[in-house]
file final29.txt (compact mmCIF, C-alpha atoms and all ligand atoms)
# COMPACT_ATOMS: atom_id res chain seq x y z
CA MET A 252 -35.69 3.10 -60.51
CA LYS A 253 -32.83 2.69 -58.01
CA VAL A 254 -30.26 5.47 -57.73
CA GLY A 255 -26.81 4.73 -56.35
CA PHE A 256 -24.19 6.98 -54.77
CA ILE A 257 -20.57 5.95 -54.31
CA GLY A 258 -18.93 8.40 -51.91
CA THR A 259 -21.09 10.05 -49.27
CA GLY A 260 -18.73 12.87 -48.33
CA SER A 261 -19.64 16.50 -48.69
CA MET A 262 -21.12 16.48 -52.21
CA GLY A 263 -22.52 12.93 -52.20
CA THR A 264 -24.45 13.84 -49.05
CA VAL A 265 -25.65 17.16 -50.51
CA LEU A 266 -27.03 15.29 -53.53
CA ILE A 267 -28.69 12.49 -51.55
CA GLU A 268 -30.27 14.84 -49.02
CA SER A 269 -31.40 17.34 -51.65
CA PHE A 270 -32.98 14.62 -53.81
CA ILE A 271 -34.79 13.15 -50.82
CA ARG A 272 -35.91 16.46 -49.27
CA SER A 273 -37.20 17.76 -52.61
CA GLY A 274 -39.19 14.55 -53.14
CA ALA A 275 -37.28 13.73 -56.34
CA ILE A 276 -36.22 10.34 -54.94
CA ARG A 277 -37.70 8.25 -52.14
CA PRO A 278 -35.19 6.99 -49.52
CA SER A 279 -36.09 3.41 -50.45
CA ALA A 280 -34.80 4.06 -53.98
CA VAL A 281 -31.35 5.14 -52.73
CA VAL A 282 -28.38 2.79 -52.32
CA ALA A 283 -25.20 4.40 -51.01
CA ALA A 284 -21.68 3.23 -50.21
CA ASN A 285 -18.70 5.00 -48.73
CA ARG A 286 -15.12 3.95 -48.01
CA SER A 287 -15.69 4.52 -44.31
CA HIS A 288 -18.94 2.60 -44.06
CA GLU A 289 -20.25 4.47 -40.99
CA LYS A 290 -20.94 7.60 -43.10
CA ALA A 291 -23.37 5.64 -45.28
CA VAL A 292 -24.87 3.99 -42.19
CA ARG A 293 -25.50 7.43 -40.65
CA LEU A 294 -27.43 8.45 -43.80
CA ALA A 295 -29.48 5.23 -43.62
CA ALA A 296 -30.33 6.04 -39.99
CA ARG A 297 -31.40 9.57 -40.95
CA TYR A 298 -33.49 8.42 -43.93
CA PRO A 299 -35.28 5.14 -43.10
CA GLY A 300 -35.49 2.94 -46.19
CA LEU A 301 -32.16 4.11 -47.63
CA THR A 302 -29.73 1.20 -48.10
CA ALA A 303 -26.17 1.58 -46.80
CA ALA A 304 -24.34 -0.86 -49.09
CA GLY A 305 -21.35 -2.80 -47.83
CA SER A 306 -19.39 -2.34 -51.06
CA ASN A 307 -19.26 -0.25 -54.23
CA GLY A 308 -20.03 -3.38 -56.26
CA GLU A 309 -23.30 -3.79 -54.35
CA VAL A 310 -24.34 -0.26 -55.43
CA ALA A 311 -23.40 -0.95 -59.04
CA ALA A 312 -25.29 -4.26 -59.11
CA ALA A 313 -28.46 -2.77 -57.59
CA CYS A 314 -28.89 0.54 -59.41
CA ASP A 315 -30.01 1.86 -62.79
CA LEU A 316 -28.19 5.14 -62.25
CA VAL A 317 -24.96 5.51 -60.26
CA PHE A 318 -23.44 8.82 -59.17
CA LEU A 319 -19.69 8.63 -58.51
CA CYS A 320 -19.07 11.23 -55.78
CA VAL A 321 -15.44 10.53 -54.89
CA ARG A 322 -12.43 12.79 -55.45
CA PRO A 323 -10.83 12.78 -58.92
CA LEU A 324 -7.85 10.53 -58.12
CA SER A 325 -10.13 7.86 -56.60
CA PHE A 326 -12.14 7.38 -59.81
CA LYS A 327 -9.92 4.79 -61.46
CA SER A 328 -9.94 2.39 -58.51
CA VAL A 329 -13.70 2.84 -57.97
CA ILE A 330 -14.40 2.17 -61.66
CA ASP A 331 -12.18 -0.95 -61.63
CA GLU A 332 -14.17 -2.15 -58.63
CA ILE A 333 -17.64 -1.61 -60.13
CA LYS A 334 -16.92 -2.59 -63.74
CA PRO A 335 -17.75 -6.32 -63.30
CA TYR A 336 -21.29 -5.37 -62.16
CA ILE A 337 -22.05 -2.76 -64.85
CA THR A 338 -24.17 -3.54 -67.91
CA ALA A 339 -24.73 -1.55 -71.13
CA ASP A 340 -28.11 -0.09 -70.15
CA GLN A 341 -26.97 1.47 -66.84
CA ILE A 342 -25.96 5.11 -66.49
CA VAL A 343 -22.82 6.07 -64.54
CA ILE A 344 -22.36 9.74 -63.71
CA SER A 345 -19.20 11.50 -62.61
CA ILE A 346 -19.68 14.65 -60.56
CA THR A 347 -16.13 15.84 -61.00
CA SER A 348 -14.77 17.96 -63.84
CA PRO A 349 -11.25 16.56 -64.55
CA VAL A 350 -12.49 13.00 -65.13
CA LEU A 351 -13.31 13.25 -68.83
CA LEU A 352 -15.96 11.43 -70.84
CA LYS A 353 -13.16 9.61 -72.71
CA HIS A 354 -11.89 8.21 -69.38
CA LEU A 355 -15.35 6.98 -68.41
CA GLU A 356 -16.24 5.63 -71.87
CA SER A 357 -12.94 3.81 -72.23
CA ALA A 358 -13.28 2.12 -68.85
CA LEU A 359 -17.01 1.29 -68.68
CA PRO A 360 -19.40 -0.53 -71.05
CA CYS A 361 -22.42 1.61 -70.08
CA LYS A 362 -23.89 5.05 -70.76
CA VAL A 363 -21.88 7.80 -69.10
CA ALA A 364 -22.38 11.45 -68.25
CA LYS A 365 -20.92 14.14 -66.08
CA VAL A 366 -23.17 16.19 -63.83
CA ILE A 367 -21.35 18.94 -61.97
CA PRO A 368 -23.51 19.95 -59.02
CA SER A 369 -23.18 22.98 -56.79
CA ILE A 370 -23.52 23.46 -53.04
CA THR A 371 -26.44 25.77 -54.00
CA ASN A 372 -28.40 22.60 -54.89
CA GLU A 373 -28.73 22.11 -51.12
CA VAL A 374 -31.33 24.88 -51.19
CA GLN A 375 -32.85 23.71 -54.49
CA SER A 376 -31.12 26.47 -56.36
CA GLY A 377 -28.24 27.01 -58.79
CA ALA A 378 -27.19 24.93 -61.76
CA ALA A 379 -26.36 21.28 -62.41
CA LEU A 380 -24.02 21.22 -65.40
CA CYS A 381 -24.82 18.30 -67.72
CA ILE A 382 -22.20 16.88 -70.08
CA TYR A 383 -23.20 13.80 -72.02
CA GLY A 384 -21.30 10.88 -73.46
CA GLU A 385 -22.30 9.62 -76.91
CA ARG A 386 -24.08 6.54 -75.54
CA MET A 387 -26.63 8.74 -73.72
CA ASN A 388 -29.65 8.98 -76.04
CA GLY A 389 -32.24 11.78 -76.03
CA GLU A 390 -34.54 9.93 -73.63
CA ASP A 391 -31.66 9.24 -71.17
CA ARG A 392 -30.74 12.93 -71.21
CA THR A 393 -34.31 14.08 -70.66
CA SER A 394 -34.95 11.66 -67.81
CA LEU A 395 -31.70 12.62 -66.06
CA GLU A 396 -32.61 16.31 -66.33
CA ARG A 397 -36.10 15.54 -65.00
CA LEU A 398 -34.45 13.94 -61.95
CA LEU A 399 -32.16 16.95 -61.43
CA SER A 400 -34.86 19.60 -61.91
CA PRO A 401 -36.33 19.61 -58.38
CA ILE A 402 -32.92 20.49 -56.92
CA SER A 403 -31.33 22.58 -59.67
CA LYS A 404 -31.49 24.12 -63.12
CA PRO A 405 -29.93 21.46 -65.36
CA ILE A 406 -27.80 23.22 -67.97
CA ARG A 407 -26.22 21.35 -70.88
CA VAL A 408 -22.64 22.38 -71.59
CA ALA A 409 -19.96 21.24 -74.02
CA GLU A 410 -17.17 19.30 -72.33
CA SER A 411 -14.63 21.91 -73.46
CA TYR A 412 -16.42 24.44 -71.21
CA THR A 413 -16.60 22.15 -68.17
CA ARG A 414 -13.90 23.98 -66.25
CA VAL A 415 -15.05 27.53 -66.81
CA THR A 416 -18.71 26.72 -66.20
CA SER A 417 -17.74 24.87 -63.01
CA ASP A 418 -15.72 27.90 -61.93
CA ILE A 419 -18.88 29.99 -62.06
CA SER A 420 -21.39 27.42 -60.85
CA SER A 421 -19.57 25.13 -58.38
CA CYS A 422 -16.62 27.27 -57.25
CA GLY A 423 -18.67 30.48 -57.53
CA PRO A 424 -20.37 30.08 -54.11
CA ALA A 425 -16.92 29.87 -52.45
CA PHE A 426 -15.58 32.83 -54.43
CA LEU A 427 -18.62 34.99 -53.69
CA ALA A 428 -18.57 33.92 -50.03
CA TYR A 429 -14.92 35.00 -49.83
CA PHE A 430 -15.86 38.41 -51.23
CA VAL A 431 -18.69 38.77 -48.71
CA GLN A 432 -16.40 37.67 -45.87
CA LYS A 433 -13.87 40.36 -46.81
CA LEU A 434 -16.62 43.00 -46.87
CA ILE A 435 -17.72 41.91 -43.39
CA ASP A 436 -14.11 41.93 -42.08
CA ALA A 437 -13.71 45.50 -43.41
CA ALA A 438 -16.97 46.66 -41.77
CA VAL A 439 -15.72 45.29 -38.45
CA GLN A 440 -12.23 46.75 -38.88
CA VAL A 441 -13.09 50.19 -40.27
CA ALA A 442 -16.30 50.99 -38.38
CA GLY A 443 -16.32 48.57 -35.43
CA MET A 444 -19.62 47.07 -36.60
CA PRO A 445 -20.64 43.90 -34.72
CA ARG A 446 -19.65 40.92 -36.94
CA GLU A 447 -23.00 39.17 -36.57
CA GLU A 448 -24.93 42.25 -37.71
CA ALA A 449 -22.56 42.83 -40.66
CA THR A 450 -22.93 39.17 -41.66
CA ARG A 451 -26.74 39.33 -41.59
CA LEU A 452 -26.74 42.53 -43.60
CA ALA A 453 -24.24 41.27 -46.20
CA SER A 454 -26.18 38.00 -46.61
CA GLU A 455 -29.45 39.88 -47.19
CA THR A 456 -27.68 42.09 -49.73
CA LEU A 457 -26.31 39.06 -51.60
CA LEU A 458 -29.78 37.48 -51.69
CA GLY A 459 -31.38 40.71 -52.94
CA THR A 460 -28.69 41.22 -55.57
CA GLY A 461 -29.21 37.67 -56.80
CA LYS A 462 -32.96 38.31 -57.10
CA LEU A 463 -32.40 41.56 -59.02
CA LEU A 464 -30.12 39.73 -61.47
CA ASN A 465 -32.45 36.73 -61.85
CA GLU A 466 -35.92 38.22 -61.55
CA GLY A 467 -35.50 41.99 -61.63
CA GLY A 468 -34.42 42.33 -65.25
CA TYR A 469 -30.94 43.67 -64.42
CA THR A 470 -27.58 42.65 -65.82
CA PRO A 471 -24.53 43.12 -63.58
CA GLU A 472 -23.63 46.18 -65.63
CA SER A 473 -27.08 47.79 -65.63
CA LEU A 474 -27.42 47.16 -61.88
CA ARG A 475 -24.11 48.89 -61.21
CA GLN A 476 -25.10 51.84 -63.36
CA ARG A 477 -28.52 52.04 -61.67
CA VAL A 478 -27.08 52.46 -58.16
CA ALA A 479 -23.84 54.38 -58.83
CA VAL A 480 -24.49 58.11 -59.20
CA PRO A 481 -21.71 59.94 -61.11
CA GLY A 482 -19.37 61.58 -58.61
CA GLY A 483 -21.06 59.79 -55.70
CA ILE A 484 -19.94 57.46 -52.92
CA ILE A 485 -20.55 54.18 -54.77
CA GLU A 486 -18.56 55.43 -57.73
CA ALA A 487 -15.62 56.21 -55.44
CA GLY A 488 -15.72 52.60 -54.21
CA LEU A 489 -16.12 51.15 -57.69
CA GLU A 490 -13.16 53.16 -58.98
CA LEU A 491 -10.98 51.61 -56.29
CA MET A 492 -12.25 48.10 -57.12
CA GLU A 493 -11.61 48.66 -60.80
CA ARG A 494 -8.00 49.66 -60.06
CA GLU A 495 -7.29 46.92 -57.53
CA LEU A 496 -9.16 43.99 -59.07
CA GLU A 497 -8.74 44.60 -62.79
CA THR A 498 -6.73 41.42 -63.44
CA THR A 499 -7.79 39.42 -60.37
CA PHE A 500 -10.59 37.43 -61.98
CA VAL A 501 -8.58 36.52 -65.07
CA ARG A 502 -5.81 35.26 -62.78
CA LEU A 503 -8.39 33.45 -60.64
CA LEU A 504 -9.62 31.46 -63.65
CA GLN A 505 -6.06 30.88 -64.83
CA ALA A 506 -5.29 29.37 -61.39
CA THR A 507 -8.29 27.01 -61.47
CA HIS A 508 -7.54 26.01 -65.08
CA ALA A 509 -3.89 25.26 -64.21
CA LYS A 510 -4.97 22.99 -61.33
CA TYR A 511 -7.53 21.33 -63.59
CA ASP A 512 -4.91 20.64 -66.29
CA GLU A 513 -2.66 19.09 -63.63
CA ASP A 514 -5.52 16.84 -62.44
CA VAL A 515 -6.46 15.81 -65.99
CA GLU A 516 -2.83 14.81 -66.62
CA LYS A 517 -2.76 12.65 -63.47
CA ILE A 518 -6.08 11.04 -64.41
CA ASP A 519 -4.83 10.36 -67.96
CA GLN A 520 -1.91 8.52 -66.41
CA LEU A 521 -4.22 6.49 -64.18
CA PHE A 522 -6.61 5.54 -67.02
CA PHE A 523 -4.27 5.25 -70.00
CA GLY A 524 -0.87 4.78 -68.35
CA SER A 525 0.55 7.75 -70.24
CA ILE A 526 -0.28 11.34 -71.04
CA ILE A 527 -2.74 11.67 -73.93
CA ASP A 528 -3.09 14.87 -75.95
N1 LIG A 601 -17.54 20.32 -52.95
C1 LIG A 601 -18.20 20.86 -53.96
O1 LIG A 601 -18.83 21.94 -53.87
C2 LIG A 601 -18.23 20.12 -55.28
C3 LIG A 601 -19.02 20.63 -56.32
C4 LIG A 601 -19.07 19.93 -57.53
C5 LIG A 601 -18.34 18.75 -57.66
N2 LIG A 601 -17.57 18.30 -56.64
C6 LIG A 601 -16.81 17.05 -56.82
O2 LIG A 601 -17.32 16.11 -55.90
C7 LIG A 601 -16.31 15.13 -55.64
C8 LIG A 601 -16.33 14.81 -54.17
O3 LIG A 601 -16.03 16.02 -53.46
P1 LIG A 601 -16.39 16.17 -51.94
O4 LIG A 601 -16.21 17.60 -51.61
O5 LIG A 601 -17.71 15.52 -51.67
O6 LIG A 601 -15.20 15.28 -51.29
P2 LIG A 601 -15.22 14.52 -49.90
O7 LIG A 601 -16.03 15.25 -48.90
O8 LIG A 601 -13.80 14.20 -49.58
O9 LIG A 601 -15.99 13.14 -50.20
C9 LIG A 601 -15.41 12.10 -50.87
C10 LIG A 601 -16.00 10.82 -50.25
O10 LIG A 601 -15.59 9.74 -51.07
C11 LIG A 601 -15.32 8.65 -50.20
N3 LIG A 601 -14.44 7.69 -50.87
C12 LIG A 601 -13.14 7.84 -51.19
N4 LIG A 601 -12.68 6.74 -51.84
C13 LIG A 601 -13.72 5.89 -51.93
C14 LIG A 601 -13.89 4.60 -52.46
N5 LIG A 601 -12.88 3.96 -53.05
N6 LIG A 601 -15.10 4.02 -52.37
C15 LIG A 601 -16.15 4.66 -51.77
N7 LIG A 601 -16.05 5.89 -51.24
C16 LIG A 601 -14.86 6.49 -51.31
C17 LIG A 601 -14.67 9.29 -48.99
O11 LIG A 601 -14.78 8.40 -47.90
P3 LIG A 601 -13.97 8.55 -46.52
O12 LIG A 601 -15.00 8.98 -45.53
O13 LIG A 601 -13.43 7.21 -46.22
O14 LIG A 601 -12.88 9.57 -46.72
C18 LIG A 601 -15.49 10.56 -48.84
O15 LIG A 601 -16.61 10.37 -47.99
C19 LIG A 601 -14.97 15.72 -56.09
O16 LIG A 601 -14.51 14.97 -57.16
C20 LIG A 601 -15.31 17.15 -56.48
O17 LIG A 601 -14.61 17.55 -57.63
C21 LIG A 601 -17.51 18.94 -55.44
call {"tool": "encode", "arguments": {"input": "final29.txt", "output": "structure tokens", "more": "lines below"}}
Ligand SMILES: NC(=O)c1ccc[n+]([C@@H]2O[C@H](COP(=O)([O-])OP(=O)(O)OC[C@H]3O[C@@H](n4cnc5c(N)ncnc54)[C@H](OP(=O)(O)O)[C@@H]3O)[C@@H](O)[C@H]2O)c1
result
Amino acid sequence: MKVGFIGTGSMGTVLIESFIRSGAIRPSAVVAANRSHEKAVRLAARYPGLTAAGSNGEVAAACDLVFLCVRPLSFKSVIDEIKPYITADQIVISITSPVLLKHLESALPCKVAKVIPSITNEVQSGAALCIYGERMNGEDRTSLERLLSPISKPIRVAESYTRVTSDISSCGPAFLAYFVQKLIDAAVQVAGMPREEATRLASETLLGTGKLLNEGGYTPESLRQRVAVPGGIIEAGLELMERELETTFVRLLQATHAKYDEDVEKIDQLFFGSIID
């Protein structure tokens, strides 16, 4: 089986490298193209056997499975470019949330799916959200999840939950990293702690907390209760967070949803020429 990647920017590269490093795909089974060709050529140099294609059409013609790893507003032109090479039995996968299954199914004659990866897949961890079009049969779904398993936990989600699940899984690393960064900044500012030491300590804490939540049998709530003694220091900190952050996360998701709605509207216009309800 040949696997194609159109767009070898940040996420396209994460996927290609993670698949190859985990042994899920051999370099010789990968065909990749990028608008600025030298990015694909650099990948081919790093992974002998990988083909740096000269055009998106070449990827589409050569591969059974094609991951589209471009930004949302580039999808329409990429799909127009590859459509002449696509046949009914191929699978085309979008890795972006605001390009909907209806956009892909209306524009392509093949099986379509969305797989929303996460930067955490770089360390063979985290989820890959799987959203399937109707033309994907049970066997297609199982074989795609088998491919994703070495680098992620494939999780099937309904398309209506794409945004919120992506907020947790794909945006989550950035949100959590921001939180950690602020904790480090405060340690430097309040106590004069060396930044490097604070960073190492905070990173270890994040790793350990993740393990407790995944393997230690804790929920976020039970973990908080386990470490916060009534009237103690942690409780004093938690009380402040409760006051200051009470509405922050609701507003955070409202902000990402508003941007998503804007993007979906633009993509509707590109695919259908008008806004569709
Ligand atoms: N970043 C994440 O953590 C994450 C997670 C899940 C999903 N995603 C999704 O992944 C998609 C890509 O994000 P990214 O962060 O990887 O963006 P990126 O770094 O900007 O990569 C996009 C790549 O697409 C290439 N490209 C643009 N138009 C093209 C065309 N017509 N034909 C071939 N290649 C083309 C660009 O080439 P040039 O070098 O010429 O600019 C660039 O290398 C987005 O839709 C995003 O929603 C991202």
call {"tool": "atom_distance", "arguments": {"input": "final29.txt", "atom1": "CA of Met387 in chain A", "atom2": "CA of Lys362 in chain A"}}
result
5.5 Å
call {"tool": "residues_near_ligand", "arguments": {"input": "final29.txt", "ligand": "ligand LIG 601 (chain A)", "cutoff": "9 Å", "atoms": "all atoms listed in the file", "output": "mmCIF file with C-alpha atoms, in the frame of the given file"}}
result
data_model
loop_
_atom_site.group_PDB
_atom_site.id
_atom_site.type_symbol
_atom_site.label_atom_id
_atom_site.label_comp_id
_atom_site.auth_asym_id
_atom_site.auth_seq_id
_atom_site.Cartn_x
_atom_site.Cartn_y
_atom_site.Cartn_z
ATOM 1 C CA PHE A 256 -24.190 6.980 -54.770
ATOM 2 C CA ILE A 257 -20.570 5.950 -54.310
ATOM 3 C CA GLY A 258 -18.930 8.400 -51.910
ATOM 4 C CA THR A 259 -21.090 10.050 -49.270
ATOM 5 C CA GLY A 260 -18.730 12.870 -48.330
ATOM 6 C CA SER A 261 -19.640 16.500 -48.690
ATOM 7 C CA MET A 262 -21.120 16.480 -52.210
ATOM 8 C CA GLY A 263 -22.520 12.930 -52.200
ATOM 9 C CA THR A 264 -24.450 13.840 -49.050
ATOM 10 C CA VAL A 265 -25.650 17.160 -50.510
ATOM 11 C CA ALA A 284 -21.680 3.230 -50.210
ATOM 12 C CA ASN A 285 -18.700 5.000 -48.730
ATOM 13 C CA ARG A 286 -15.120 3.950 -48.010
ATOM 14 C CA SER A 287 -15.690 4.520 -44.310
ATOM 15 C CA HIS A 288 -18.940 2.600 -44.060
ATOM 16 C CA GLU A 289 -20.250 4.470 -40.990
ATOM 17 C CA LYS A 290 -20.940 7.600 -43.100
ATOM 18 C CA ALA A 291 -23.370 5.640 -45.280
ATOM 19 C CA SER A 306 -19.390 -2.340 -51.060
ATOM 20 C CA ASN A 307 -19.260 -0.250 -54.230
ATOM 21 C CA LEU A 319 -19.690 8.630 -58.510
ATOM 22 C CA CYS A 320 -19.070 11.230 -55.780
ATOM 23 C CA VAL A 321 -15.440 10.530 -54.890
ATOM 24 C CA ARG A 322 -12.430 12.790 -55.450
ATOM 25 C CA PRO A 323 -10.830 12.780 -58.920
ATOM 26 C CA LEU A 324 -7.850 10.530 -58.120
ATOM 27 C CA SER A 325 -10.130 7.860 -56.600
ATOM 28 C CA PHE A 326 -12.140 7.380 -59.810
ATOM 29 C CA LYS A 327 -9.920 4.790 -61.460
ATOM 30 C CA SER A 328 -9.940 2.390 -58.510
ATOM 31 C CA VAL A 329 -13.700 2.840 -57.970
ATOM 32 C CA ILE A 330 -14.400 2.170 -61.660
ATOM 33 C CA GLU A 332 -14.170 -2.150 -58.630
ATOM 34 C CA SER A 345 -19.200 11.500 -62.610
ATOM 35 C CA ILE A 346 -19.680 14.650 -60.560
ATOM 36 C CA THR A 347 -16.130 15.840 -61.000
ATOM 37 C CA SER A 348 -14.770 17.960 -63.840
ATOM 38 C CA PRO A 349 -11.250 16.560 -64.550
ATOM 39 C CA VAL A 350 -12.490 13.000 -65.130
ATOM 40 C CA VAL A 366 -23.170 16.190 -63.830
ATOM 41 C CA ILE A 367 -21.350 18.940 -61.970
ATOM 42 C CA PRO A 368 -23.510 19.950 -59.020
ATOM 43 C CA SER A 369 -23.180 22.980 -56.790
ATOM 44 C CA ILE A 370 -23.520 23.460 -53.040
ATOM 45 C CA THR A 371 -26.440 25.770 -54.000
ATOM 46 C CA ALA A 379 -26.360 21.280 -62.410
ATOM 47 C CA SER A 417 -17.740 24.870 -63.010
ATOM 48 C CA SER A 420 -21.390 27.420 -60.850
ATOM 49 C CA SER A 421 -19.570 25.130 -58.380
ATOM 50 C CA CYS A 422 -16.620 27.270 -57.250
ATOM 51 C CA PRO A 424 -20.370 30.080 -54.110
ATOM 52 C CA ALA A 425 -16.920 29.870 -52.450
#
call {"tool": "residues_around", "arguments": {"input": "final29.txt", "residues": "Gln432 in chain A", "least_positions_apart": "6", "cutoff": "12 Å", "atoms": "all atoms listed in the file", "output": "JSON, numbers by chain"}}
result
{"A": [424, 425, 426, 438, 439, 446, 447, 449, 450, 451, 452, 453, 454, 457]}
call {"tool": "write_last_selection", "arguments": {"input": "final29.txt", "atoms": "C-alpha atoms", "output": "PDB file, in the coordinates of the input"}}
result
ATOM      1  CA  PRO A 424     -20.370  30.080 -54.110  1.00  0.00           C
ATOM      2  CA  ALA A 425     -16.920  29.870 -52.450  1.00  0.00           C
ATOM      3  CA  PHE A 426     -15.580  32.830 -54.430  1.00  0.00           C
ATOM      4  CA  ALA A 438     -16.970  46.660 -41.770  1.00  0.00           C
ATOM      5  CA  VAL A 439     -15.720  45.290 -38.450  1.00  0.00           C
ATOM      6  CA  ARG A 446     -19.650  40.920 -36.940  1.00  0.00           C
ATOM      7  CA  GLU A 447     -23.000  39.170 -36.570  1.00  0.00           C
ATOM      8  CA  ALA A 449     -22.560  42.830 -40.660  1.00  0.00           C
ATOM      9  CA  THR A 450     -22.930  39.170 -41.660  1.00  0.00           C
ATOM     10  CA  ARG A 451     -26.740  39.330 -41.590  1.00  0.00           C
ATOM     11  CA  LEU A 452     -26.740  42.530 -43.600  1.00  0.00           C
ATOM     12  CA  ALA A 453     -24.240  41.270 -46.200  1.00  0.00           C
ATOM     13  CA  SER A 454     -26.180  38.000 -46.610  1.00  0.00           C
ATOM     14  CA  LEU A 457     -26.310  39.060 -51.600  1.00  0.00           C
TER      15      LEU A 457
END
call {"tool": "atom_distance", "arguments": {"input": "final29.txt", "atom1": "CA of Lys365 in chain A", "atom2": "CA of Leu352 in chain A"}}
result
7.4 Å
call {"tool": "closest_residue", "arguments": {"input": "final29.txt", "among": "A:Glu396, A:Glu455, A:Glu309, A:Glu356", "to": "Pro335 in chain A", "atoms": "all atoms listed in the file"}}
result
A:Glu309
call {"tool": "build_atoms", "arguments": {"input": "final29.txt", "residues": "range 316-327 of chain A", "atoms": "N, CA, C and O atoms", "output": "PDB file, keeping the file's coordinate frame"}}
result
ATOM      1  N   LEU A 316     -28.946   3.888 -62.099  1.00  0.00           N
ATOM      2  CA  LEU A 316     -28.190   5.140 -62.250  1.00  0.00           C
ATOM      3  C   LEU A 316     -27.222   5.198 -61.073  1.00  0.00           C
ATOM      4  O   LEU A 316     -27.625   5.011 -59.935  1.00  0.00           O
ATOM      5  N   VAL A 317     -25.935   5.467 -61.361  1.00  0.00           N
ATOM      6  CA  VAL A 317     -24.960   5.510 -60.260  1.00  0.00           C
ATOM      7  C   VAL A 317     -24.169   6.812 -60.328  1.00  0.00           C
ATOM      8  O   VAL A 317     -23.506   7.098 -61.331  1.00  0.00           O
ATOM      9  N   PHE A 318     -24.242   7.602 -59.270  1.00  0.00           N
ATOM     10  CA  PHE A 318     -23.440   8.820 -59.170  1.00  0.00           C
ATOM     11  C   PHE A 318     -22.120   8.480 -58.472  1.00  0.00           C
ATOM     12  O   PHE A 318     -22.138   7.924 -57.365  1.00  0.00           O
ATOM     13  N   LEU A 319     -20.998   8.829 -59.130  1.00  0.00           N
ATOM     14  CA  LEU A 319     -19.690   8.630 -58.510  1.00  0.00           C
ATOM     15  C   LEU A 319     -19.288   9.949 -57.852  1.00  0.00           C
ATOM     16  O   LEU A 319     -19.004  10.935 -58.542  1.00  0.00           O
ATOM     17  N   CYS A 320     -19.276   9.973 -56.527  1.00  0.00           N
ATOM     18  CA  CYS A 320     -19.070  11.230 -55.780  1.00  0.00           C
ATOM     19  C   CYS A 320     -17.781  11.171 -54.962  1.00  0.00           C
ATOM     20  O   CYS A 320     -17.749  11.605 -53.810  1.00  0.00           O
ATOM     21  N   VAL A 321     -16.743  10.588 -55.565  1.00  0.00           N
ATOM     22  CA  VAL A 321     -15.440  10.530 -54.890  1.00  0.00           C
ATOM     23  C   VAL A 321     -14.529  11.586 -55.504  1.00  0.00           C
ATOM     24  O   VAL A 321     -14.873  12.213 -56.502  1.00  0.00           O
ATOM     25  N   ARG A 322     -13.359  11.789 -54.910  1.00  0.00           N
ATOM     26  CA  ARG A 322     -12.430  12.790 -55.450  1.00  0.00           C
ATOM     27  C   ARG A 322     -11.788  12.264 -56.730  1.00  0.00           C
ATOM     28  O   ARG A 322     -11.710  11.043 -56.939  1.00  0.00           O
ATOM     29  N   PRO A 323     -11.305  13.178 -57.585  1.00  0.00           N
ATOM     30  CA  PRO A 323     -10.830  12.780 -58.920  1.00  0.00           C
ATOM     31  C   PRO A 323      -9.865  11.595 -58.944  1.00  0.00           C
ATOM     32  O   PRO A 323     -10.040  10.672 -59.742  1.00  0.00           O
ATOM     33  N   LEU A 324      -8.874  11.582 -58.035  1.00  0.00           N
ATOM     34  CA  LEU A 324      -7.850  10.530 -58.120  1.00  0.00           C
ATOM     35  C   LEU A 324      -8.350   9.179 -57.606  1.00  0.00           C
ATOM     36  O   LEU A 324      -7.648   8.180 -57.722  1.00  0.00           O
ATOM     37  N   SER A 325      -9.565   9.141 -57.054  1.00  0.00           N
ATOM     38  CA  SER A 325     -10.130   7.860 -56.600  1.00  0.00           C
ATOM     39  C   SER A 325     -10.975   7.196 -57.695  1.00  0.00           C
ATOM     40  O   SER A 325     -11.416   6.054 -57.533  1.00  0.00           O
ATOM     41  N   PHE A 326     -11.214   7.911 -58.790  1.00  0.00           N
ATOM     42  CA  PHE A 326     -12.140   7.380 -59.810  1.00  0.00           C
ATOM     43  C   PHE A 326     -11.681   6.060 -60.418  1.00  0.00           C
ATOM     44  O   PHE A 326     -12.482   5.148 -60.597  1.00  0.00           O
ATOM     45  N   LYS A 327     -10.383   5.973 -60.746  1.00  0.00           N
ATOM     46  CA  LYS A 327      -9.920   4.790 -61.460  1.00  0.00           C
ATOM     47  C   LYS A 327     -10.154   3.532 -60.611  1.00  0.00           C
ATOM     48  O   LYS A 327     -10.691   2.535 -61.114  1.00  0.00           O
TER      49      LYS A 327
END
